[in-house]
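Structure, as structure tokens:
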Amino acid sequence: MDALLIKIRACTLCQAHLPLPAQPILQASHQARILIAGQAPGIKTHHKGIPFDDASGERLRAWLNVTREQFYDPTLFAIVPMGFCFPGSIEKNGKKLGDKAPRPECAATWHRQLLALMPQIELIVILGQYAIDYHLASNGIDTTAIDTPTNTSSAPTPNTQARAKAKGITVTQATAQWQQYWPKFIVLPHPSPRNNLWLKQHPEFERDMLPRLRQRIATLLEVSLPPSN
């Protein structure tokens with residue numbers, strides 16, 4: 001793992017497509033039990049070199065009910081976004097409309113190697129459309145075959161399963177279907193303050209999903225701790 005991380009952090013495969021010098025940002029250990037799978041670092045993360053060291057990170061840690069020390073402990077949490085470097089901003093008429101899509105070179109070159117060296121991962125927390133497509137599809141889940149309930153408070157039974165690929169499902173659909181992927185995967189909306197309206201429109205997320213997620217994470221972190229003398 002150490003050798004692979006050195007290679008990844010020195011990677012410049014997509015430098016020609018980046019607005020700033022390549023700076024792969026991730027966190028990983030062969031001991032990690034929980035994987036945070038996001039999109040790509042933003043401009044602030046690029047300059048800080050620390051993932052989720054902002055308001056979004058504070059909200060994410062509150063959702064997970066973990067401390068900052070736990071979150072940045074690579075033996076507990078791996079943080080592996082779909083793209084390791086800031087991909088640049090989308091601009092129109094001089095206004096920034098958000099970040100570009102993660103560069104595809106990262107997933108194609110490094111992800112499979114990384115995941116193979118983290119055999120103890122028991123929960124993958126998925127943030128964003130590209131992470132949904134990659135992680136659900138690579139595990140044979142066909143979300144296109146699952147109907148989204150009109151009443152999201154009545155979740156589908158966890159026994160319903162489908163196979164193929166997951167491209168096309170939205171974050172809203174994936175959170176509504178969360179029991180389909182539980183307990184190995186859970187899809188969350190991005191914890192950005194920009195999603196405050198989404199959270200108000202979907203109270204079932206905090207009411208139904210978060211308690212189960214926090215309970216599972218507490219169990220996994222307890223298992224990860226060394227036995228007391």
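Convention: chains lettered A, B, ... in structure tokens order; per-chain residue numbering from 1; ligands numbered from 1 as shown.
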Any idea what's packed within 6 Å of range 122-128 of chain A, counting only C-alpha atoms, ignoring anything in its chain fewer than 4 positions away? Could you give it as a PDB file with C-alpha atoms, in the first residue's frame?
ATOM      1  CA  ARG A  33     -13.019  -0.531   7.227  1.00  0.00           C
ATOM      2  CA  ILE A  34     -14.960   2.422   5.807  1.00  0.00           C
ATOM      3  CA  LEU A  35     -14.428   4.025   2.398  1.00  0.00           C
ATOM      4  CA  ILE A  36     -15.562   7.557   1.577  1.00  0.00           C
ATOM      5  CA  ALA A  37     -16.015   7.645  -2.208  1.00  0.00           C
ATOM      6  CA  GLY A  38     -16.490  11.200  -3.439  1.00  0.00           C
ATOM      7  CA  LYS A 184     -22.227  -2.656   2.051  1.00  0.00           C
ATOM      8  CA  PHE A 185     -23.083   0.652   0.370  1.00  0.00           C
ATOM      9  CA  ILE A 186     -24.912   3.836   1.227  1.00  0.00           C
ATOM     10  CA  VAL A 187     -25.448   6.816  -1.067  1.00  0.00           C
ATOM     11  CA  LEU A 188     -25.542  10.256   0.553  1.00  0.00           C
ATOM     12  CA  HIS A 190     -23.149  15.841  -1.006  1.00  0.00           C
TER      13      HIS A 190
END
Which of range 17-207 of chain A DSSP labels strand (DSSP E), written as a PDB file with all heavy atoms, in the first residue's frame:
ATOM      1  N   ILE A  34     -13.950   1.572   6.422  1.00  0.00           N
ATOM      2  CA  ILE A  34     -14.960   2.422   5.807  1.00  0.00           C
ATOM      3  C   ILE A  34     -14.311   3.246   4.704  1.00  0.00           C
ATOM      4  O   ILE A  34     -13.250   3.841   4.912  1.00  0.00           O
ATOM      5  CB  ILE A  34     -15.603   3.355   6.853  1.00  0.00           C
ATOM      6  CG1 ILE A  34     -16.226   2.534   7.987  1.00  0.00           C
ATOM      7  CG2 ILE A  34     -16.652   4.254   6.203  1.00  0.00           C
ATOM      8  CD1 ILE A  34     -16.572   3.348   9.216  1.00  0.00           C
ATOM      9  N   LEU A  35     -14.940   3.266   3.537  1.00  0.00           N
ATOM     10  CA  LEU A  35     -14.428   4.025   2.398  1.00  0.00           C
ATOM     11  C   LEU A  35     -15.370   5.173   2.083  1.00  0.00           C
ATOM     12  O   LEU A  35     -16.573   4.970   1.905  1.00  0.00           O
ATOM     13  CB  LEU A  35     -14.299   3.112   1.171  1.00  0.00           C
ATOM     14  CG  LEU A  35     -13.992   3.788  -0.171  1.00  0.00           C
ATOM     15  CD1 LEU A  35     -12.630   4.466  -0.141  1.00  0.00           C
ATOM     16  CD2 LEU A  35     -14.071   2.785  -1.307  1.00  0.00           C
ATOM     17  N   ILE A  36     -14.825   6.396   2.033  1.00  0.00           N
ATOM     18  CA  ILE A  36     -15.562   7.557   1.577  1.00  0.00           C
ATOM     19  C   ILE A  36     -15.229   7.747   0.098  1.00  0.00           C
ATOM     20  O   ILE A  36     -14.086   8.017  -0.262  1.00  0.00           O
ATOM     21  CB  ILE A  36     -15.181   8.837   2.361  1.00  0.00           C
ATOM     22  CG1 ILE A  36     -15.300   8.616   3.870  1.00  0.00           C
ATOM     23  CG2 ILE A  36     -16.050  10.003   1.901  1.00  0.00           C
ATOM     24  CD1 ILE A  36     -16.685   8.358   4.377  1.00  0.00           C
ATOM     25  N   ALA A  37     -16.226   7.560  -0.760  1.00  0.00           N
ATOM     26  CA  ALA A  37     -16.015   7.645  -2.208  1.00  0.00           C
ATOM     27  C   ALA A  37     -16.707   8.891  -2.732  1.00  0.00           C
ATOM     28  O   ALA A  37     -17.929   8.910  -2.906  1.00  0.00           O
ATOM     29  CB  ALA A  37     -16.566   6.400  -2.893  1.00  0.00           C
ATOM     30  N   PHE A  77     -10.755   5.218   8.215  1.00  0.00           N
ATOM     31  CA  PHE A  77     -11.433   5.722   7.023  1.00  0.00           C
ATOM     32  C   PHE A  77     -10.461   5.844   5.854  1.00  0.00           C
ATOM     33  O   PHE A  77      -9.399   6.465   5.989  1.00  0.00           O
ATOM     34  CB  PHE A  77     -12.038   7.099   7.284  1.00  0.00           C
ATOM     35  CG  PHE A  77     -13.272   7.090   8.138  1.00  0.00           C
ATOM     36  CD1 PHE A  77     -13.164   7.202   9.513  1.00  0.00           C
ATOM     37  CD2 PHE A  77     -14.528   6.964   7.567  1.00  0.00           C
ATOM     38  CE1 PHE A  77     -14.294   7.198  10.314  1.00  0.00           C
ATOM     39  CE2 PHE A  77     -15.667   6.957   8.359  1.00  0.00           C
ATOM     40  CZ  PHE A  77     -15.557   7.078   9.737  1.00  0.00           C
ATOM     41  N   ALA A  78     -10.830   5.279   4.724  1.00  0.00           N
ATOM     42  CA  ALA A  78     -10.155   5.579   3.464  1.00  0.00           C
ATOM     43  C   ALA A  78     -10.979   6.657   2.762  1.00  0.00           C
ATOM     44  O   ALA A  78     -12.211   6.619   2.802  1.00  0.00           O
ATOM     45  CB  ALA A  78     -10.055   4.343   2.591  1.00  0.00           C
ATOM     46  N   ILE A  79     -10.307   7.617   2.149  1.00  0.00           N
ATOM     47  CA  ILE A  79     -10.982   8.674   1.393  1.00  0.00           C
ATOM     48  C   ILE A  79     -10.423   8.616  -0.025  1.00  0.00           C
ATOM     49  O   ILE A  79      -9.290   9.028  -0.288  1.00  0.00           O
ATOM     50  CB  ILE A  79     -10.746  10.059   2.022  1.00  0.00           C
ATOM     51  CG1 ILE A  79     -11.211  10.061   3.485  1.00  0.00           C
ATOM     52  CG2 ILE A  79     -11.469  11.137   1.229  1.00  0.00           C
ATOM     53  CD1 ILE A  79     -10.887  11.337   4.239  1.00  0.00           C
ATOM     54  N   SER A  89     -12.838  24.381 -13.128  1.00  0.00           N
ATOM     55  CA  SER A  89     -14.197  24.896 -12.951  1.00  0.00           C
ATOM     56  C   SER A  89     -14.911  25.047 -14.283  1.00  0.00           C
ATOM     57  O   SER A  89     -14.294  25.311 -15.314  1.00  0.00           O
ATOM     58  CB  SER A  89     -14.155  26.257 -12.248  1.00  0.00           C
ATOM     59  OG  SER A  89     -13.550  26.157 -10.975  1.00  0.00           O
ATOM     60  N   ILE A  90     -16.218  24.878 -14.231  1.00  0.00           N
ATOM     61  CA  ILE A  90     -17.070  25.163 -15.384  1.00  0.00           C
ATOM     62  C   ILE A  90     -17.422  26.651 -15.336  1.00  0.00           C
ATOM     63  O   ILE A  90     -17.921  27.145 -14.318  1.00  0.00           O
ATOM     64  CB  ILE A  90     -18.350  24.320 -15.343  1.00  0.00           C
ATOM     65  CG1 ILE A  90     -18.010  22.831 -15.376  1.00  0.00           C
ATOM     66  CG2 ILE A  90     -19.269  24.680 -16.510  1.00  0.00           C
ATOM     67  CD1 ILE A  90     -19.213  21.931 -15.144  1.00  0.00           C
ATOM     68  N   GLU A  91     -17.146  27.355 -16.402  1.00  0.00           N
ATOM     69  CA  GLU A  91     -17.410  28.790 -16.431  1.00  0.00           C
ATOM     70  C   GLU A  91     -18.284  29.150 -17.628  1.00  0.00           C
ATOM     71  O   GLU A  91     -18.144  28.578 -18.706  1.00  0.00           O
ATOM     72  CB  GLU A  91     -16.099  29.577 -16.483  1.00  0.00           C
ATOM     73  CG  GLU A  91     -15.230  29.394 -15.242  1.00  0.00           C
ATOM     74  CD  GLU A  91     -14.040  30.318 -15.225  1.00  0.00           C
ATOM     75  OE1 GLU A  91     -14.048  31.297 -16.006  1.00  0.00           O
ATOM     76  OE2 GLU A  91     -13.105  30.086 -14.438  1.00  0.00           O
ATOM     77  N   LYS A  92     -19.185  30.090 -17.402  1.00  0.00           N
ATOM     78  CA  LYS A  92     -20.035  30.588 -18.479  1.00  0.00           C
ATOM     79  C   LYS A  92     -20.255  32.074 -18.262  1.00  0.00           C
ATOM     80  O   LYS A  92     -20.689  32.481 -17.181  1.00  0.00           O
ATOM     81  CB  LYS A  92     -21.363  29.837 -18.494  1.00  0.00           C
ATOM     82  CG  LYS A  92     -22.262  30.222 -19.672  1.00  0.00           C
ATOM     83  CD  LYS A  92     -23.527  29.382 -19.691  1.00  0.00           C
ATOM     84  CE  LYS A  92     -24.399  29.726 -20.886  1.00  0.00           C
ATOM     85  NZ  LYS A  92     -25.632  28.898 -20.896  1.00  0.00           N
ATOM     86  N   LYS A  95     -18.781  33.504 -15.166  1.00  0.00           N
ATOM     87  CA  LYS A  95     -19.246  33.017 -13.865  1.00  0.00           C
ATOM     88  C   LYS A  95     -18.931  31.534 -13.701  1.00  0.00           C
ATOM     89  O   LYS A  95     -19.091  30.760 -14.640  1.00  0.00           O
ATOM     90  CB  LYS A  95     -20.751  33.231 -13.725  1.00  0.00           C
ATOM     91  CG  LYS A  95     -21.170  34.700 -13.690  1.00  0.00           C
ATOM     92  CD  LYS A  95     -22.676  34.820 -13.469  1.00  0.00           C
ATOM     93  CE  LYS A  95     -23.096  36.283 -13.394  1.00  0.00           C
ATOM     94  NZ  LYS A  95     -24.561  36.421 -13.188  1.00  0.00           N
ATOM     95  N   LYS A  96     -18.481  31.163 -12.500  1.00  0.00           N
ATOM     96  CA  LYS A  96     -18.196  29.763 -12.218  1.00  0.00           C
ATOM     97  C   LYS A  96     -19.490  29.050 -11.839  1.00  0.00           C
ATOM     98  O   LYS A  96     -20.234  29.489 -10.961  1.00  0.00           O
ATOM     99  CB  LYS A  96     -17.182  29.651 -11.086  1.00  0.00           C
ATOM    100  CG  LYS A  96     -15.799  30.163 -11.473  1.00  0.00           C
ATOM    101  CD  LYS A  96     -14.782  29.947 -10.360  1.00  0.00           C
ATOM    102  CE  LYS A  96     -13.404  30.436 -10.798  1.00  0.00           C
ATOM    103  NZ  LYS A  96     -12.391  30.237  -9.736  1.00  0.00           N
ATOM    104  N   LEU A  97     -19.744  27.934 -12.514  1.00  0.00           N
ATOM    105  CA  LEU A  97     -20.980  27.181 -12.313  1.00  0.00           C
ATOM    106  C   LEU A  97     -20.756  25.861 -11.590  1.00  0.00           C
ATOM    107  O   LEU A  97     -21.647  25.020 -11.536  1.00  0.00           O
ATOM    108  CB  LEU A  97     -21.644  26.907 -13.677  1.00  0.00           C
ATOM    109  CG  LEU A  97     -21.938  28.136 -14.530  1.00  0.00           C
ATOM    110  CD1 LEU A  97     -22.557  27.721 -15.858  1.00  0.00           C
ATOM    111  CD2 LEU A  97     -22.855  29.098 -13.793  1.00  0.00           C
ATOM    112  N   GLY A  98     -19.567  25.697 -11.024  1.00  0.00           N
ATOM    113  CA  GLY A  98     -19.247  24.439 -10.349  1.00  0.00           C
ATOM    114  C   GLY A  98     -17.992  23.826 -10.924  1.00  0.00           C
ATOM    115  O   GLY A  98     -17.357  24.394 -11.825  1.00  0.00           O
ATOM    116  N   ASP A  99     -17.622  22.686 -10.409  1.00  0.00           N
ATOM    117  CA  ASP A  99     -16.406  22.014 -10.865  1.00  0.00           C
ATOM    118  C   ASP A  99     -16.689  21.083 -12.040  1.00  0.00           C
ATOM    119  O   ASP A  99     -17.803  20.560 -12.196  1.00  0.00           O
ATOM    120  CB  ASP A  99     -15.787  21.196  -9.726  1.00  0.00           C
ATOM    121  CG  ASP A  99     -15.232  22.079  -8.619  1.00  0.00           C
ATOM    122  OD1 ASP A  99     -15.055  23.292  -8.864  1.00  0.00           O
ATOM    123  OD2 ASP A  99     -14.979  21.557  -7.523  1.00  0.00           O
ATOM    124  N   LEU A 123     -17.924  -0.974   4.469  1.00  0.00           N
ATOM    125  CA  LEU A 123     -18.954   0.023   4.149  1.00  0.00           C
ATOM    126  C   LEU A 123     -18.355   1.057   3.207  1.00  0.00           C
ATOM    127  O   LEU A 123     -17.290   1.606   3.484  1.00  0.00           O
ATOM    128  CB  LEU A 123     -19.457   0.711   5.418  1.00  0.00           C
ATOM    129  CG  LEU A 123     -20.407   1.894   5.224  1.00  0.00           C
ATOM    130  CD1 LEU A 123     -21.710   1.446   4.571  1.00  0.00           C
ATOM    131  CD2 LEU A 123     -20.688   2.595   6.551  1.00  0.00           C
ATOM    132  N   ILE A 124     -19.040   1.302   2.101  1.00  0.00           N
ATOM    133  CA  ILE A 124     -18.623   2.335   1.154  1.00  0.00           C
ATOM    134  C   ILE A 124     -19.679   3.436   1.159  1.00  0.00           C
ATOM    135  O   ILE A 124     -20.844   3.197   0.820  1.00  0.00           O
ATOM    136  CB  ILE A 124     -18.443   1.772  -0.261  1.00  0.00           C
ATOM    137  CG1 ILE A 124     -17.355   0.687  -0.257  1.00  0.00           C
ATOM    138  CG2 ILE A 124     -18.078   2.891  -1.249  1.00  0.00           C
ATOM    139  CD1 ILE A 124     -17.115   0.038  -1.606  1.00  0.00           C
ATOM    140  N   VAL A 125     -19.265   4.625   1.582  1.00  0.00           N
ATOM    141  CA  VAL A 125     -20.143   5.793   1.630  1.00  0.00           C
ATOM    142  C   VAL A 125     -19.955   6.546   0.315  1.00  0.00           C
ATOM    143  O   VAL A 125     -18.874   7.080   0.045  1.00  0.00           O
ATOM    144  CB  VAL A 125     -19.806   6.692   2.832  1.00  0.00           C
ATOM    145  CG1 VAL A 125     -20.695   7.928   2.837  1.00  0.00           C
ATOM    146  CG2 VAL A 125     -19.948   5.914   4.137  1.00  0.00           C
ATOM    147  N   ILE A 126     -20.991   6.586  -0.502  1.00  0.00           N
ATOM    148  CA  ILE A 126     -20.900   7.112  -1.860  1.00  0.00           C
ATOM    149  C   ILE A 126     -21.472   8.521  -1.925  1.00  0.00           C
ATOM    150  O   ILE A 126     -22.607   8.767  -1.527  1.00  0.00           O
ATOM    151  CB  ILE A 126     -21.666   6.190  -2.840  1.00  0.00           C
ATOM    152  CG1 ILE A 126     -21.070   4.778  -2.807  1.00  0.00           C
ATOM    153  CG2 ILE A 126     -21.644   6.757  -4.250  1.00  0.00           C
ATOM    154  CD1 ILE A 126     -21.856   3.771  -3.623  1.00  0.00           C
ATOM    155  N   LEU A 127     -20.673   9.446  -2.449  1.00  0.00           N
ATOM    156  CA  LEU A 127     -21.082  10.842  -2.597  1.00  0.00           C
ATOM    157  C   LEU A 127     -20.968  11.241  -4.061  1.00  0.00           C
ATOM    158  O   LEU A 127     -19.881  11.248  -4.621  1.00  0.00           O
ATOM    159  CB  LEU A 127     -20.189  11.762  -1.755  1.00  0.00           C
ATOM    160  CG  LEU A 127     -20.081  11.478  -0.254  1.00  0.00           C
ATOM    161  CD1 LEU A 127     -19.014  12.367   0.371  1.00  0.00           C
ATOM    162  CD2 LEU A 127     -21.414  11.719   0.421  1.00  0.00           C
ATOM    163  N   PHE A 185     -23.152  -0.680   0.968  1.00  0.00           N
ATOM    164  CA  PHE A 185     -23.083   0.652   0.370  1.00  0.00           C
ATOM    165  C   PHE A 185     -24.160   1.549   0.963  1.00  0.00           C
ATOM    166  O   PHE A 185     -25.226   1.081   1.361  1.00  0.00           O
ATOM    167  CB  PHE A 185     -23.317   0.594  -1.145  1.00  0.00           C
ATOM    168  CG  PHE A 185     -22.414  -0.341  -1.880  1.00  0.00           C
ATOM    169  CD1 PHE A 185     -22.802  -1.645  -2.142  1.00  0.00           C
ATOM    170  CD2 PHE A 185     -21.172   0.085  -2.328  1.00  0.00           C
ATOM    171  CE1 PHE A 185     -21.970  -2.514  -2.827  1.00  0.00           C
ATOM    172  CE2 PHE A 185     -20.330  -0.773  -3.009  1.00  0.00           C
ATOM    173  CZ  PHE A 185     -20.726  -2.084  -3.260  1.00  0.00           C
ATOM    174  N   ILE A 186     -23.876   2.850   0.967  1.00  0.00           N
ATOM    175  CA  ILE A 186     -24.912   3.836   1.227  1.00  0.00           C
ATOM    176  C   ILE A 186     -24.596   5.077   0.404  1.00  0.00           C
ATOM    177  O   ILE A 186     -23.432   5.492   0.318  1.00  0.00           O
ATOM    178  CB  ILE A 186     -25.037   4.166   2.724  1.00  0.00           C
ATOM    179  CG1 ILE A 186     -26.294   5.011   2.982  1.00  0.00           C
ATOM    180  CG2 ILE A 186     -23.793   4.883   3.245  1.00  0.00           C
ATOM    181  CD1 ILE A 186     -26.707   5.070   4.431  1.00  0.00           C
ATOM    182  N   VAL A 187     -25.602   5.611  -0.249  1.00  0.00           N
ATOM    183  CA  VAL A 187     -25.448   6.816  -1.067  1.00  0.00           C
ATOM    184  C   VAL A 187     -25.975   8.001  -0.271  1.00  0.00           C
ATOM    185  O   VAL A 187     -27.105   7.972   0.227  1.00  0.00           O
ATOM    186  CB  VAL A 187     -26.216   6.692  -2.394  1.00  0.00           C
ATOM    187  CG1 VAL A 187     -26.130   7.997  -3.186  1.00  0.00           C
ATOM    188  CG2 VAL A 187     -25.665   5.527  -3.217  1.00  0.00           C
ATOM    189  N   LEU A 188     -25.152   9.035  -0.154  1.00  0.00           N
ATOM    190  CA  LEU A 188     -25.542  10.256   0.553  1.00  0.00           C
ATOM    191  C   LEU A 188     -25.538  11.435  -0.418  1.00  0.00           C
ATOM    192  O   LEU A 188     -24.774  11.440  -1.384  1.00  0.00           O
ATOM    193  CB  LEU A 188     -24.559  10.572   1.690  1.00  0.00           C
ATOM    194  CG  LEU A 188     -24.292   9.492   2.736  1.00  0.00           C
ATOM    195  CD1 LEU A 188     -23.349  10.042   3.800  1.00  0.00           C
ATOM    196  CD2 LEU A 188     -25.575   8.994   3.360  1.00  0.00           C
TER     197      LEU A 188
END
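When the distance limit is 12 Å and only C-alpha atoms are what count, the residues near His111 in chain A, minus those fewer than 4 positions from it on the same chain, are Leu4, Leu5, Ile8, Leu26, Ala28, Ala37, Ile79, Val80, Pro81, Met82, Gly83, Phe84, Pro104, Glu105, Cys106, Ala107, Leu115, Ala116, Leu117, Met118, Ala131, Tyr134, His135 and Ser138 of chain A.
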**Message:** Can you measure CA of Gly88 in chain A to CA of Ile43 in chain A for me? One decimal in Å is fine.
**Reply:** 7.8 Å
**Asked** Quick one: of A:Phe52, A:Tyr130, A:Phe86, A:Trp178, who's nearest to Glu204 in chain A, counting only C-alpha atoms?
**Response** A:Trp178
**Message:** For a quick check of understanding, using only C-alpha atoms, which of A:Met209, A:His202, A:Ala101, A:Arg194 has the smallest distance to Trp182 in chain A?
**Reply:**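 Distance minimum relative to Trp182 in chain A lands on A:Met209.
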**Asked** Using only C-alpha atoms, which of A:Leu13, A:Ile121, A:Ile169, A:Leu20 sits nearest His46 in chain A?
**Response** A:Leu20
**Asked** Which of these residues is nearest to Gly57 in chain A, using only C-alpha atoms: A:Pro102, A:Pro41, A:Pro211, A:Pro191?
**Response**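 Distance minimum relative to Gly57 in chain A lands on A:Pro191.
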**From A:Thr175, A:Ile6, A:Pro193, A:Thr67, residue lying nearest Asp54 in chain A [only C-alpha atoms]** =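 Closest to Asp54 in chain A of all the choices is A:Pro193.
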**Asked** Between A:Leu210, A:Cys14, A:Ala22, A:Ala3, which is the closest to Ala108 in chain A once you count only C-alpha atoms?
**Response**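 Among the listed residues, A:Cys14 lies closest to Ala108 in chain A.
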